[in-house]
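Let me begin by presenting the structure, written as C-alpha cells, before commenting on it.
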Amino acid sequence: MRQALAFLTPFPGARAPTPGSLRWFPVVGLLLGFVLGALWWGADHLWSRTVAALVVVVADLALTGMLHVDGLADAADGLLPHLTRARRLEVMQEPTVGAFGVAAVVAVLLGRWVLLTALRPNPLLLAALWCTSRTSMAAVVDRAPYARSGGGLVSAFSGSRVPILVVGAAGATSLALSAGWAVPAGPAAVVGAAAGFGAIVVLAMRRIGGFTGDVLGAAGLIGETAGLLVAAARW
C-alpha cells in the first residue's frame with residue numbers, strides 16, 4: 001500500500017515500486033477521490049463554486065505530484081503529431097514540452113475546472129472516478145504490451161497482473177459510489193471515465209505499439225475528465 005501511495009503521490013516519500021504494489025492502485029485512487037471530494041465540498045461552503053473548483057484542480061495537482069500532468073504533456077507531444085513510431089518514443093522521453101503538450105494540459109485543466117464548476121460538490125463522485133482511473137491503470141499493466149524495449153518506470157510492475165476479481169471489485173465499488181451520488185448520471189460517468197481511459201490506450205497501441213508510463217498518466221487524466229463531462233450532462 002505504501003509503495004503504491006509513494007508511486008502515485010508524493011507521500012509518504014520516495015519508495016521503489018514493486019509488482020505487488022500494483023493491486024493497491026484502486027485503493028489509492030479511492031482515497032485521493034475522497035480527499036479531493038471532501039475538499040471540494042468544504043471549499044464550496046467557504047467560497048463560490050468557481051473558486052471551490054479551482055481549489056480541487058490545484059489540490060489534485062499537488063496530491064499527485066503533477067505526475068499525470070507530466071505524462072499528459074509528454075504523451076500529447078509524442079502521440080498527436082505526424083511522426084514515426086521511433087520518433088514518437090524519442091519525443092516522449094525529451095525533457096522539454098512542445099506545443100501539443102502545452103495545448104493538451106491547458107485544455108484538460110481548464111476543462112476540469114469548468115466541469116467541476118458545473119457540478120454540485122460530492123465526495124462520492126470524485127472517489128468513483130479517481131478509483132476508476134487507477135483501476136484502469138492497474139488493469140492495463142501486464143495485459144497490454146509495453147512500448148519501450150529498454151524498459152521504463154512502469155516496467156517495475158512487470159510480472160504482476162492484478163487479478164480480474166480485484167479489478168471487478170474495484171469497478172463495482174466505483175459504480176456503487178457513483179450511484180450514491182446520482183442515478184443514472186453517476187454510473188454513466190464511471191463508464192465514460194473507463195471509455196476515455198481506454199481511448200487513449202488504444203491510440204497509443206496504434207501509434208507506438210503499446211503503453212508507457214506517460215500514456216497511463218495521460219489516460220488517467222483524460223478518463224477522469226471524460227467522467228466529469230458525462231456527469232455534467234443535463235440528465
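Numbering starts fresh at 1 for the residues of each chain in the C-alpha cells, the chains themselves are lettered A, B, ... in the order given, and ligands are numbered from 1 as they appear.
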
Mind running segment 19-112 of chain A against segment 196-207 of chain A at 12 Å and telling me each contacting residue's nearest atom pair with the distance in Å (one decimal), counting only C-alpha atoms, chain and number ascending, as CSV?
```
residue,atom,partner,partner_atom,distance
A:Gly71,CA,A:Ile200,CA,12.0
A:Leu72,CA,A:Ile200,CA,10.3
A:Ala75,CA,A:Ala204,CA,8.6
A:Ala76,CA,A:Ile200,CA,10.1
A:Gly78,CA,A:Arg207,CA,9.1
A:Leu79,CA,A:Arg207,CA,6.6
A:Leu80,CA,A:Arg207,CA,9.1
A:Pro81,CA,A:Arg207,CA,10.4
A:His82,CA,A:Arg207,CA,9.8
A:Leu83,CA,A:Arg207,CA,9.0
A:Thr84,CA,A:Arg207,CA,8.3
A:Arg85,CA,A:Arg207,CA,6.3
A:Ala86,CA,A:Arg207,CA,9.8
A:Arg87,CA,A:Arg207,CA,10.7
A:Arg88,CA,A:Arg207,CA,8.1
A:Leu89,CA,A:Arg207,CA,9.7
A:Met92,CA,A:Ala204,CA,11.8
```

Save the residues we just selected, C-alpha atoms, as a PDB file, in the first residue's frame?
```pdb
ATOM      1  CA  GLY A  71       2.523  12.230 -18.609  1.00  0.00           C
ATOM      2  CA  LEU A  72      -0.257  14.052 -20.445  1.00  0.00           C
ATOM      3  CA  ALA A  75       2.045  11.737 -24.412  1.00  0.00           C
ATOM      4  CA  ALA A  76       0.422  14.574 -26.353  1.00  0.00           C
ATOM      5  CA  GLY A  78       4.501  12.076 -28.891  1.00  0.00           C
ATOM      6  CA  LEU A  79       1.127  10.712 -29.968  1.00  0.00           C
ATOM      7  CA  LEU A  80      -0.542  13.670 -31.684  1.00  0.00           C
ATOM      8  CA  PRO A  81       1.952  14.982 -34.291  1.00  0.00           C
ATOM      9  CA  HIS A  82       2.689  13.137 -37.558  1.00  0.00           C
ATOM     10  CA  LEU A  83       5.838  11.229 -36.600  1.00  0.00           C
ATOM     11  CA  THR A  84       7.338   7.790 -36.999  1.00  0.00           C
ATOM     12  CA  ARG A  85       6.905   5.330 -34.162  1.00  0.00           C
ATOM     13  CA  ALA A  86      10.567   5.602 -33.172  1.00  0.00           C
ATOM     14  CA  ARG A  87      10.450   9.385 -33.199  1.00  0.00           C
ATOM     15  CA  ARG A  88       7.268   9.423 -31.105  1.00  0.00           C
ATOM     16  CA  LEU A  89       9.016   7.452 -28.367  1.00  0.00           C
ATOM     17  CA  MET A  92       8.068  11.413 -25.205  1.00  0.00           C
TER      18      MET A  92
END
```

Would you pick out the contacts of Ser136 of chain A at 8 Å or less, using only C-alpha atoms, so that residues sharing its chain but fewer than 3 positions from it are not included, and give the list as number ranges by chain? A: 132-133, 139-140, 194, 197, 220

Could you give me, as number ranges by chain, the residues within 8 Å of Gly217 of chain A, counting only C-alpha atoms and dropping anything in the same chain fewer than 4 positions from it? A: 67-72, 213, 221

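For the pair atom CA of Val91 of chain A and atom CA of Asp74 of chain A, the separation is 7.5 Å.
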
Alpha helix (DSSP H) per DSSP on the backbone: members of segment 16-141 of chain A, as a PyMOL selection string: chain A and resi 25-46+49-63+67-79+85-93+99-118+123-140

Need to verify the contact set: segment 10-13 of chain A, 8 Å, only C-alpha atoms, exclusion of same-chain residues closer than 2 positions in sequence. Can you return it as a PyMOL selection string? chain A and resi 2+5-8+15+63-65

Write out as a ChimeraX atom specification each polymer residue whose atoms come within 10 Å of Met1 of chain A, counting only C-alpha atoms; drop sequence neighbours fewer than 3 positions from it. /A:4-7,20-25,27-28

Env of segment 174-191 of chain A: 7 Å cut, atoms = only C-alpha atoms, seq-sep filter 2 positions within chain, self excluded. Answer as number ranges by chain. A: 124-125, 128-129, 131-132, 170-172, 193-195, 227-228, 230-231, 235

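Restricting the calculation to only C-alpha atoms, the smallest distance between Arg120 of chain A and any of A:Ala43, A:Ala107, A:Ala219, A:Ala226 is found for A:Ala43.
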
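Atom pair atom CA of Thr212 of chain A / atom CA of Thr96 of chain A has a distance of 17.5 Å (rounded to one decimal).
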
As an exercise, work out the distance from atom CA of Pro163 of chain A to atom CA of Leu216 of chain A in Å and give it to one decimal place. 18.8 Å

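Look at Ala232 of chain A: the protein and nucleic acid residues within 7 Å of it, using only C-alpha atoms and passing over chain neighbours fewer than 2 places away, are Leu115, Ala118, Leu119, Leu228, Leu229, Val230 and Arg234 of chain A.
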
Take the selection from the previous step and output its residues with N, CA and C atoms, as a CSV table (one decimal), in the first residue's frame.
```csv
chain,number,residue,atom,x,y,z
A,115,LEU,N,-15.9,21.9,-15.6
A,115,LEU,CA,-16.8,20.8,-15.3
A,115,LEU,C,-17.1,20.7,-13.8
A,118,ALA,N,-19.6,23.2,-12.8
A,118,ALA,CA,-21.0,22.9,-13.3
A,118,ALA,C,-21.6,21.8,-12.4
A,119,LEU,N,-20.9,21.2,-11.5
A,119,LEU,CA,-21.4,20.1,-10.7
A,119,LEU,C,-21.6,20.5,-9.3
A,228,LEU,N,-16.2,13.4,-15.7
A,228,LEU,CA,-16.8,14.6,-15.2
A,228,LEU,C,-17.7,15.2,-16.3
A,229,LEU,N,-17.3,15.1,-17.6
A,229,LEU,CA,-18.1,15.6,-18.7
A,229,LEU,C,-19.4,14.9,-18.8
A,230,VAL,N,-19.4,13.6,-18.6
A,230,VAL,CA,-20.7,12.8,-18.6
A,230,VAL,C,-21.5,13.2,-17.4
A,234,ARG,N,-27.0,17.2,-18.9
A,234,ARG,CA,-28.3,17.5,-18.4
A,234,ARG,C,-29.2,16.3,-18.3
```

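You can rank A:Leu54, A:Leu165, A:Ala127, A:Leu32 by their closest distance to Val114 of chain A using only C-alpha atoms, and at the top of that list sits A:Leu54.
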
From the options A:Arg49, A:Arg134, A:Gln3, A:Glu94, which residue's atoms come nearest to Gly29 of chain A, counting only C-alpha atoms? A:Arg134
